[in-house]
file target29.pdb (PDB, C-alpha atoms)
ATOM      1  CA  MET A   6     -45.110  17.867  82.575
ATOM      2  CA  THR A   7     -42.495  20.018  80.955
ATOM      3  CA  ALA A   8     -41.545  19.663  77.306
ATOM      4  CA  LYS A   9     -37.822  19.255  78.013
ATOM      5  CA  ALA A  10     -37.746  16.467  80.602
ATOM      6  CA  ALA A  11     -36.512  13.064  79.424
ATOM      7  CA  ALA A  12     -38.580   9.976  80.158
ATOM      8  CA  THR A  13     -37.333   7.112  82.285
ATOM      9  CA  CYS A  14     -38.851   3.651  81.717
ATOM     10  CA  VAL A  15     -38.910   1.374  84.758
ATOM     11  CA  GLN A  16     -40.134  -2.209  85.070
ATOM     12  CA  LEU A  17     -42.542  -2.297  87.993
ATOM     13  CA  THR A  18     -42.546  -4.893  90.742
ATOM     14  CA  ALA A  19     -45.847  -5.939  92.280
ATOM     15  CA  GLY A  20     -45.140  -3.690  95.259
ATOM     16  CA  GLN A  21     -44.356  -0.710  93.048
ATOM     17  CA  LEU A  22     -47.521  -1.302  91.037
ATOM     18  CA  LEU A  23     -49.625  -1.426  94.199
ATOM     19  CA  SER A  24     -47.999   1.755  95.500
ATOM     20  CA  ALA A  25     -48.626   3.513  92.189
ATOM     21  CA  ALA A  26     -52.159   2.176  91.610
ATOM     22  CA  ASP A  27     -53.811   5.577  92.051
ATOM     23  CA  GLU A  28     -51.352   7.258  89.683
ATOM     24  CA  LEU A  29     -51.755   4.415  87.166
ATOM     25  CA  ALA A  30     -55.523   4.830  87.503
ATOM     26  CA  GLU A  31     -55.185   8.485  86.521
ATOM     27  CA  LEU A  32     -53.268   7.427  83.398
ATOM     28  CA  LEU A  33     -55.860   4.788  82.550
ATOM     29  CA  THR A  34     -58.827   7.130  82.992
ATOM     30  CA  ASP A  35     -57.070   9.845  80.953
ATOM     31  CA  THR A  36     -56.423   7.330  78.156
ATOM     32  CA  VAL A  37     -60.047   6.189  78.101
ATOM     33  CA  ASP A  38     -61.309   9.783  78.340
ATOM     34  CA  GLY A  39     -59.078  10.561  75.352
ATOM     35  CA  GLY A  40     -60.947   7.971  73.277
ATOM     36  CA  ALA A  41     -58.439   5.105  73.217
ATOM     37  CA  SER A  42     -60.013   1.680  72.928
ATOM     38  CA  ILE A  43     -58.062  -0.276  75.544
ATOM     39  CA  GLY A  44     -60.800  -2.455  76.977
ATOM     40  CA  PHE A  45     -62.817   0.037  78.998
ATOM     41  CA  LEU A  46     -65.974   2.057  78.417
ATOM     42  CA  ALA A  47     -66.329   5.710  79.346
ATOM     43  CA  PRO A  48     -66.821   7.088  81.808
ATOM     44  CA  LEU A  49     -64.243   5.092  83.758
ATOM     45  CA  ASP A  50     -64.007   6.162  87.383
ATOM     46  CA  ARG A  51     -60.655   6.230  89.155
ATOM     47  CA  ALA A  52     -61.636   3.709  91.819
ATOM     48  CA  THR A  53     -62.496   1.099  89.180
ATOM     49  CA  ALA A  54     -59.284   1.894  87.289
ATOM     50  CA  ALA A  55     -57.170   1.610  90.468
ATOM     51  CA  ASP A  56     -58.834  -1.719  91.311
ATOM     52  CA  TRP A  57     -58.042  -2.974  87.810
ATOM     53  CA  TRP A  58     -54.360  -2.101  88.268
ATOM     54  CA  ARG A  59     -54.235  -3.664  91.750
ATOM     55  CA  ALA A  60     -55.654  -6.885  90.308
ATOM     56  CA  ARG A  61     -52.548  -7.137  88.062
ATOM     57  CA  ALA A  62     -50.150  -7.462  91.039
ATOM     58  CA  ASP A  63     -50.451 -11.254  91.353
ATOM     59  CA  ALA A  64     -49.610 -11.683  87.654
ATOM     60  CA  LEU A  65     -46.464  -9.595  88.177
ATOM     61  CA  THR A  66     -45.520 -11.795  91.115
ATOM     62  CA  ASP A  67     -46.057 -15.064  89.240
ATOM     63  CA  GLY A  68     -44.244 -13.814  86.126
ATOM     64  CA  SER A  69     -47.172 -14.009  83.715
ATOM     65  CA  LEU A  70     -47.159 -10.235  83.260
ATOM     66  CA  ALA A  71     -44.497  -7.548  83.053
ATOM     67  CA  VAL A  72     -45.352  -3.839  83.282
ATOM     68  CA  TRP A  73     -43.155  -0.839  82.554
ATOM     69  CA  ALA A  74     -43.949   2.735  83.484
ATOM     70  CA  ALA A  75     -42.535   5.809  81.781
ATOM     71  CA  TYR A  76     -41.895   8.654  84.197
ATOM     72  CA  LEU A  77     -41.795  12.327  83.229
ATOM     73  CA  ASP A  78     -41.108  14.928  85.882
ATOM     74  CA  GLY A  79     -41.521  12.268  88.567
ATOM     75  CA  ARG A  80     -44.995  11.257  87.373
ATOM     76  CA  ILE A  81     -46.158   8.211  85.460
ATOM     77  CA  ALA A  82     -46.862   9.377  81.913
ATOM     78  CA  GLY A  83     -47.196   6.005  80.176
ATOM     79  CA  THR A  84     -47.165   2.235  80.488
ATOM     80  CA  VAL A  85     -46.761  -0.903  78.437
ATOM     81  CA  SER A  86     -47.219  -4.539  79.415
ATOM     82  CA  LEU A  87     -46.098  -7.923  78.172
ATOM     83  CA  VAL A  88     -48.539 -10.773  78.742
ATOM     84  CA  LEU A  89     -46.674 -14.074  78.814
ATOM     85  CA  PRO A  90     -48.525 -17.261  77.852
ATOM     86  CA  ASP A  91     -48.658 -20.181  80.261
ATOM     87  CA  LYS A  92     -48.797 -23.029  77.749
ATOM     88  CA  PRO A  93     -45.602 -24.939  76.858
ATOM     89  CA  ASN A  94     -46.132 -24.537  73.100
ATOM     90  CA  SER A  95     -46.312 -20.741  73.288
ATOM     91  CA  ARG A  96     -43.449 -19.785  75.569
ATOM     92  CA  HIS A  97     -41.554 -18.257  72.643
ATOM     93  CA  ARG A  98     -44.026 -15.390  72.335
ATOM     94  CA  ALA A  99     -45.845 -12.695  74.271
ATOM     95  CA  GLU A 100     -48.578 -10.141  73.754
ATOM     96  CA  VAL A 101     -47.879  -6.425  74.019
ATOM     97  CA  ALA A 102     -50.792  -4.885  75.902
ATOM     98  CA  LYS A 103     -51.994  -1.613  77.375
ATOM     99  CA  LEU A 104     -49.531   0.724  75.699
ATOM    100  CA  MET A 105     -50.799   4.029  77.082
ATOM    101  CA  VAL A 106     -49.423   7.559  77.078
ATOM    102  CA  HIS A 107     -51.058  10.361  79.055
ATOM    103  CA  ARG A 108     -52.446  13.054  76.766
ATOM    104  CA  GLU A 109     -50.075  15.593  78.363
ATOM    105  CA  GLY A 110     -47.084  13.444  77.407
ATOM    106  CA  ARG A 111     -47.997  12.605  73.822
ATOM    107  CA  GLY A 112     -45.866  13.630  70.884
ATOM    108  CA  ARG A 113     -42.639  13.215  72.838
ATOM    109  CA  GLY A 114     -41.666   9.688  71.844
ATOM    110  CA  LEU A 115     -42.970   7.982  74.990
ATOM    111  CA  GLY A 116     -45.022   5.409  73.105
ATOM    112  CA  ARG A 117     -42.047   4.521  70.926
ATOM    113  CA  SER A 118     -39.744   4.334  73.956
ATOM    114  CA  LEU A 119     -42.145   2.099  75.877
ATOM    115  CA  LEU A 120     -42.650  -0.167  72.864
ATOM    116  CA  ALA A 121     -38.884  -0.480  72.325
ATOM    117  CA  THR A 122     -38.419  -1.248  76.039
ATOM    118  CA  ALA A 123     -40.944  -4.093  75.865
ATOM    119  CA  GLU A 124     -39.384  -5.430  72.657
ATOM    120  CA  ARG A 125     -35.886  -5.398  74.181
ATOM    121  CA  ALA A 126     -37.046  -7.088  77.368
ATOM    122  CA  ALA A 127     -38.857  -9.770  75.376
ATOM    123  CA  ALA A 128     -35.772 -10.493  73.292
ATOM    124  CA  GLU A 129     -33.529 -10.559  76.373
ATOM    125  CA  ALA A 130     -35.924 -13.082  77.938
ATOM    126  CA  GLY A 131     -35.503 -15.338  74.896
ATOM    127  CA  LEU A 132     -38.866 -14.584  73.316
ATOM    128  CA  THR A 133     -38.877 -14.390  69.542
ATOM    129  CA  LEU A 134     -42.394 -13.313  68.555
ATOM    130  CA  LEU A 135     -44.648 -10.534  69.824
ATOM    131  CA  ASN A 136     -48.236  -9.748  68.892
ATOM    132  CA  LEU A 137     -50.733  -7.037  69.711
ATOM    133  CA  ASP A 138     -54.073  -5.689  68.636
ATOM    134  CA  THR A 139     -55.082  -2.082  68.253
ATOM    135  CA  GLU A 140     -58.158  -0.216  67.136
ATOM    136  CA  THR A 141     -58.168  -0.045  63.344
ATOM    137  CA  ASP A 142     -57.352   3.433  62.006
ATOM    138  CA  SER A 143     -56.215   4.633  65.439
ATOM    139  CA  PRO A 144     -53.124   6.833  65.830
ATOM    140  CA  ALA A 145     -51.338   3.834  67.374
ATOM    141  CA  GLU A 146     -51.276   2.050  64.018
ATOM    142  CA  SER A 147     -48.722   4.469  62.575
ATOM    143  CA  LEU A 148     -46.478   3.899  65.603
ATOM    144  CA  TYR A 149     -46.576   0.125  65.174
ATOM    145  CA  ARG A 150     -45.965   0.271  61.419
ATOM    146  CA  SER A 151     -43.059   2.698  61.808
ATOM    147  CA  ALA A 152     -41.560   0.457  64.525
ATOM    148  CA  GLY A 153     -41.414  -2.488  62.134
ATOM    149  CA  TRP A 154     -44.565  -4.348  63.123
ATOM    150  CA  THR A 155     -46.372  -6.379  60.442
ATOM    151  CA  ARG A 156     -50.117  -6.149  59.952
ATOM    152  CA  ALA A 157     -51.660  -9.637  60.099
ATOM    153  CA  GLY A 158     -55.289  -8.692  59.500
ATOM    154  CA  VAL A 159     -58.434  -7.003  60.722
ATOM    155  CA  ILE A 160     -61.263  -8.418  62.818
ATOM    156  CA  PRO A 161     -64.529  -6.486  62.307
ATOM    157  CA  ASP A 162     -66.648  -5.372  65.270
ATOM    158  CA  TYR A 163     -63.996  -6.668  67.666
ATOM    159  CA  ALA A 164     -64.389  -4.269  70.581
ATOM    160  CA  ARG A 165     -66.349  -1.298  71.726
ATOM    161  CA  THR A 166     -64.757   2.122  71.762
ATOM    162  CA  PRO A 167     -64.955   4.035  75.056
ATOM    163  CA  ALA A 168     -68.140   5.587  73.630
ATOM    164  CA  GLY A 169     -69.623   2.092  73.196
ATOM    165  CA  GLU A 170     -69.462   1.828  69.388
ATOM    166  CA  LEU A 171     -68.286  -1.437  67.826
ATOM    167  CA  HIS A 172     -65.034  -0.996  65.948
ATOM    168  CA  PRO A 173     -62.612  -3.304  64.145
ATOM    169  CA  THR A 174     -59.200  -4.204  65.514
ATOM    170  CA  THR A 175     -55.998  -4.759  63.593
ATOM    171  CA  ILE A 176     -53.640  -7.560  64.639
ATOM    172  CA  TYR A 177     -49.885  -6.943  64.370
ATOM    173  CA  TYR A 178     -46.844  -9.111  65.005
ATOM    174  CA  LYS A 179     -43.105  -8.617  65.176
ATOM    175  CA  TYR A 180     -40.135 -10.963  65.403
ATOM    176  CA  VAL A 181     -37.566  -9.896  67.987
ATOM    177  CA  SER A 182     -34.150 -11.190  68.931
ATOM    178  CA  ALA A 183     -31.520 -10.223  71.479
ATOM    179  CA  ALA A 184     -29.303  -8.917  68.679
ATOM    180  CA  GLY A 185     -31.991  -7.129  66.695
ATOM    181  CA  ALA A 186     -34.523  -5.829  69.196
TER     182      ALA A 186
END
call {"tool": "encode", "arguments": {"input": "target29.pdb", "output": "C-alpha cells"}}
result
Amino acid sequence: MTAKAAATCVQLTAGQLLSAADELAELLTDTVDGGASIGFLAPLDRATAADWWRARADALTDGSLAVWAAYLDGRIAGTVSLVLPDKPNSRHRAEVAKLMVHREGRGRGLGRSLLATAERAAAEAGLTLLNLDTETDSPAESLYRSAGWTRAGVIPDYARTPAGELHPTTIYYKYVSAAGA
C-alpha cells in the first residue's frame, strides 16, 4: 500500500462480503496478530477468519448488520460495522463494531474515515445514538475521544486479549443526527 493513495469506503452487500471473505480474513488475522482485542484469540488462522466473515452475510441480507470496507490501492485496508438491534424499543441506536485497520494502512486516517462513514450512515438511517466498546488503554481510545465519543465507564476483566490475558473494556457512546454527523 502506497503512502499517497486515498482510501475509498464502500458499504458491502452480502455478495461483495462473500467474494471478499479471504481478503477480509487477511485483515482480521493481521488485526489480531497486531494485538487488537476484537473478540479473537491468537493465533487466528485465515480459514477460521474467512468462515467468520462468511457467517455475517445473512445479517447483511436481513439488515441487522452493515459493513463498510476501506480500500487502498485496490485492497481492503480496513472495515467497520454497525450492528442494528432487533427490538422495537432500541431501533434508535446501533453498536459500532469491528473497526479494524490493517497495520500497513495505519496512521493514514482510515480509522477516522471509517468511523465517520458509520456515523453518517447511522444518522442518515434515522438512528440517534451509537455505542461501542474498546479495550481500555488501547490506541483506539484516543480515536474515539477525538471523534467526540463520550466515555460511559469501564468493565474490568471484560475480554481476553489475543494473547489470552483478561483486560478491561471501556464503553463509549455518541449522539448522531443527519445534520450533525
call {"tool": "resolve_selection", "arguments": {"input": "target29.pdb", "expression": "the PyMOL selection byres ((chain A and resi 165-182) around 9)", "output": "MDAnalysis selection string"}}
result
chainID A and resid 37:49 100 124:125 127:129 131:142 146 149:150 153:164 183:186
call {"tool": "resolve_selection", "arguments": {"input": "target29.pdb", "expression": "the PyMOL selection byres ((chain A and resi 78-91) around 9)", "output": "JSON, numbers by chain"}}
result
{"A": [6, 7, 10, 11, 12, 14, 25, 28, 29, 32, 68, 69, 70, 71, 72, 73, 74, 75, 76, 77, 92, 93, 94, 95, 96, 97, 98, 99, 100, 101, 102, 103, 104, 105, 106, 107, 108, 109, 110, 111, 115, 116, 119, 120, 122, 123, 127, 135]}
call {"tool": "write_last_selection", "arguments": {"input": "target29.pdb", "atoms": "C-alpha atoms", "output": "CSV table (one decimal), keeping the file's coordinate frame"}}
result
chain,number,residue,atom,x,y,z
A,6,MET,CA,-45.1,17.9,82.6
A,7,THR,CA,-42.5,20.0,81.0
A,10,ALA,CA,-37.7,16.5,80.6
A,11,ALA,CA,-36.5,13.1,79.4
A,12,ALA,CA,-38.6,10.0,80.2
A,14,CYS,CA,-38.9,3.7,81.7
A,25,ALA,CA,-48.6,3.5,92.2
A,28,GLU,CA,-51.4,7.3,89.7
A,29,LEU,CA,-51.8,4.4,87.2
A,32,LEU,CA,-53.3,7.4,83.4
A,68,GLY,CA,-44.2,-13.8,86.1
A,69,SER,CA,-47.2,-14.0,83.7
A,70,LEU,CA,-47.2,-10.2,83.3
A,71,ALA,CA,-44.5,-7.5,83.1
A,72,VAL,CA,-45.4,-3.8,83.3
A,73,TRP,CA,-43.2,-0.8,82.6
A,74,ALA,CA,-43.9,2.7,83.5
A,75,ALA,CA,-42.5,5.8,81.8
A,76,TYR,CA,-41.9,8.7,84.2
A,77,LEU,CA,-41.8,12.3,83.2
A,92,LYS,CA,-48.8,-23.0,77.7
A,93,PRO,CA,-45.6,-24.9,76.9
A,94,ASN,CA,-46.1,-24.5,73.1
A,95,SER,CA,-46.3,-20.7,73.3
A,96,ARG,CA,-43.4,-19.8,75.6
A,97,HIS,CA,-41.6,-18.3,72.6
A,98,ARG,CA,-44.0,-15.4,72.3
A,99,ALA,CA,-45.8,-12.7,74.3
A,100,GLU,CA,-48.6,-10.1,73.8
A,101,VAL,CA,-47.9,-6.4,74.0
A,102,ALA,CA,-50.8,-4.9,75.9
A,103,LYS,CA,-52.0,-1.6,77.4
A,104,LEU,CA,-49.5,0.7,75.7
A,105,MET,CA,-50.8,4.0,77.1
A,106,VAL,CA,-49.4,7.6,77.1
A,107,HIS,CA,-51.1,10.4,79.1
A,108,ARG,CA,-52.4,13.1,76.8
A,109,GLU,CA,-50.1,15.6,78.4
A,110,GLY,CA,-47.1,13.4,77.4
A,111,ARG,CA,-48.0,12.6,73.8
A,115,LEU,CA,-43.0,8.0,75.0
A,116,GLY,CA,-45.0,5.4,73.1
A,119,LEU,CA,-42.1,2.1,75.9
A,120,LEU,CA,-42.6,-0.2,72.9
A,122,THR,CA,-38.4,-1.2,76.0
A,123,ALA,CA,-40.9,-4.1,75.9
A,127,ALA,CA,-38.9,-9.8,75.4
A,135,LEU,CA,-44.6,-10.5,69.8
call {"tool": "atom_distance", "arguments": {"input": "target29.pdb", "atom1": "atom CA of A:Ala52", "atom2": "atom CA of A:Thr34"}}
result
9.9 Å
call {"tool": "resolve_selection", "arguments": {"input": "target29.pdb", "expression": "the PyMOL selection byres ((chain A and resi 23) around 12)", "output": "MDAnalysis selection string"}}
result
chainID A and resid 17:22 24:30 55:63 65:66 72
call {"tool": "atom_distance", "arguments": {"input": "target29.pdb", "atom1": "atom CA of A:Ala126", "atom2": "atom CA of A:Leu148"}}
result
18.7 Å
call {"tool": "atom_distance", "arguments": {"input": "target29.pdb", "atom1": "atom CA of A:Ser151", "atom2": "atom CA of A:Ala130"}}
result
23.7 Å
call {"tool": "axis_aligned_box", "arguments": {"input": "target29.pdb", "around": "stretch 101-119 of chain A", "padding_each_side": "8 Å", "output": "lines of an AutoDock Vina configuration file"}}
result
center_x = -46.1
center_y = 4.6
center_z = 75.0
size_x = 28.7
size_y = 38.0
size_z = 24.2
call {"tool": "closest_residue", "arguments": {"input": "target29.pdb", "among": "A:Ala64, A:Arg113, A:Ser118, A:Thr36", "to": "A:Val15", "atoms": "only C-alpha atoms"}}
result
A:Ser118
call {"tool": "build_atoms", "arguments": {"input": "target29.pdb", "residues": "stretch 80-91 of chain A", "atoms": "all heavy atoms", "output": "short mmCIF file (atom, residue, chain, number, x, y, z; two decimals), in the frame of the given file"}}
result
data_model
loop_
_atom_site.label_atom_id
_atom_site.label_comp_id
_atom_site.auth_asym_id
_atom_site.auth_seq_id
_atom_site.Cartn_x
_atom_site.Cartn_y
_atom_site.Cartn_z
N ARG A 80 -43.63 11.79 87.47
CA ARG A 80 -45.00 11.26 87.37
C ARG A 80 -45.07 10.19 86.30
O ARG A 80 -44.38 10.27 85.28
CB ARG A 80 -45.98 12.38 87.00
CG ARG A 80 -46.17 13.40 88.10
CD ARG A 80 -47.11 14.53 87.68
NE ARG A 80 -48.28 14.07 86.96
CZ ARG A 80 -48.96 14.83 86.11
NH1 ARG A 80 -48.59 16.06 85.85
NH2 ARG A 80 -50.02 14.35 85.49
N ILE A 81 -45.95 9.23 86.49
CA ILE A 81 -46.16 8.21 85.46
C ILE A 81 -46.91 8.85 84.29
O ILE A 81 -48.00 9.38 84.46
CB ILE A 81 -46.93 7.01 86.01
CG1 ILE A 81 -46.08 6.29 87.07
CG2 ILE A 81 -47.31 6.05 84.87
CD1 ILE A 81 -46.78 5.13 87.75
N ALA A 82 -46.28 8.78 83.12
CA ALA A 82 -46.86 9.38 81.91
C ALA A 82 -47.24 8.33 80.88
O ALA A 82 -47.85 8.65 79.87
CB ALA A 82 -45.89 10.38 81.31
N GLY A 83 -46.86 7.06 81.12
CA GLY A 83 -47.20 6.00 80.18
C GLY A 83 -46.87 4.64 80.73
O GLY A 83 -46.12 4.52 81.71
N THR A 84 -47.45 3.62 80.11
CA THR A 84 -47.16 2.24 80.49
C THR A 84 -47.22 1.35 79.25
O THR A 84 -47.82 1.70 78.23
CB THR A 84 -48.17 1.64 81.51
OG1 THR A 84 -49.46 1.58 80.90
CG2 THR A 84 -48.20 2.41 82.79
N VAL A 85 -46.61 0.18 79.39
CA VAL A 85 -46.76 -0.90 78.44
C VAL A 85 -46.61 -2.20 79.23
O VAL A 85 -45.91 -2.23 80.24
CB VAL A 85 -45.73 -0.83 77.29
CG1 VAL A 85 -44.31 -1.10 77.77
CG2 VAL A 85 -46.11 -1.77 76.15
N SER A 86 -47.28 -3.24 78.75
CA SER A 86 -47.22 -4.54 79.42
C SER A 86 -46.89 -5.63 78.41
O SER A 86 -47.21 -5.51 77.23
CB SER A 86 -48.56 -4.88 80.07
OG SER A 86 -48.91 -3.92 81.04
N LEU A 87 -46.28 -6.68 78.92
CA LEU A 87 -46.10 -7.92 78.17
C LEU A 87 -46.87 -9.00 78.91
O LEU A 87 -46.66 -9.21 80.10
CB LEU A 87 -44.63 -8.34 78.12
CG LEU A 87 -43.73 -7.70 77.09
CD1 LEU A 87 -42.31 -8.25 77.22
CD2 LEU A 87 -44.25 -7.92 75.68
N VAL A 88 -47.77 -9.66 78.19
CA VAL A 88 -48.54 -10.77 78.74
C VAL A 88 -47.88 -12.05 78.23
O VAL A 88 -47.79 -12.27 77.01
CB VAL A 88 -50.01 -10.70 78.30
CG1 VAL A 88 -50.80 -11.87 78.89
CG2 VAL A 88 -50.63 -9.37 78.69
N LEU A 89 -47.42 -12.86 79.16
CA LEU A 89 -46.67 -14.07 78.81
C LEU A 89 -47.58 -15.29 78.90
O LEU A 89 -48.23 -15.51 79.93
CB LEU A 89 -45.48 -14.22 79.75
CG LEU A 89 -44.56 -12.99 79.66
CD1 LEU A 89 -43.83 -12.76 80.96
CD2 LEU A 89 -43.61 -13.15 78.52
N PRO A 90 -47.65 -16.09 77.84
CA PRO A 90 -48.52 -17.26 77.85
C PRO A 90 -48.06 -18.32 78.84
O PRO A 90 -46.87 -18.40 79.17
CB PRO A 90 -48.44 -17.81 76.42
CG PRO A 90 -47.73 -16.80 75.63
CD PRO A 90 -46.99 -15.92 76.56
N ASP A 91 -48.99 -19.15 79.28
CA ASP A 91 -48.66 -20.18 80.26
C ASP A 91 -48.57 -21.58 79.66
O ASP A 91 -48.24 -22.53 80.36
CB ASP A 91 -49.68 -20.18 81.40
CG ASP A 91 -51.10 -20.47 80.94
OD1 ASP A 91 -51.34 -20.53 79.71
OD2 ASP A 91 -51.97 -20.62 81.80
#
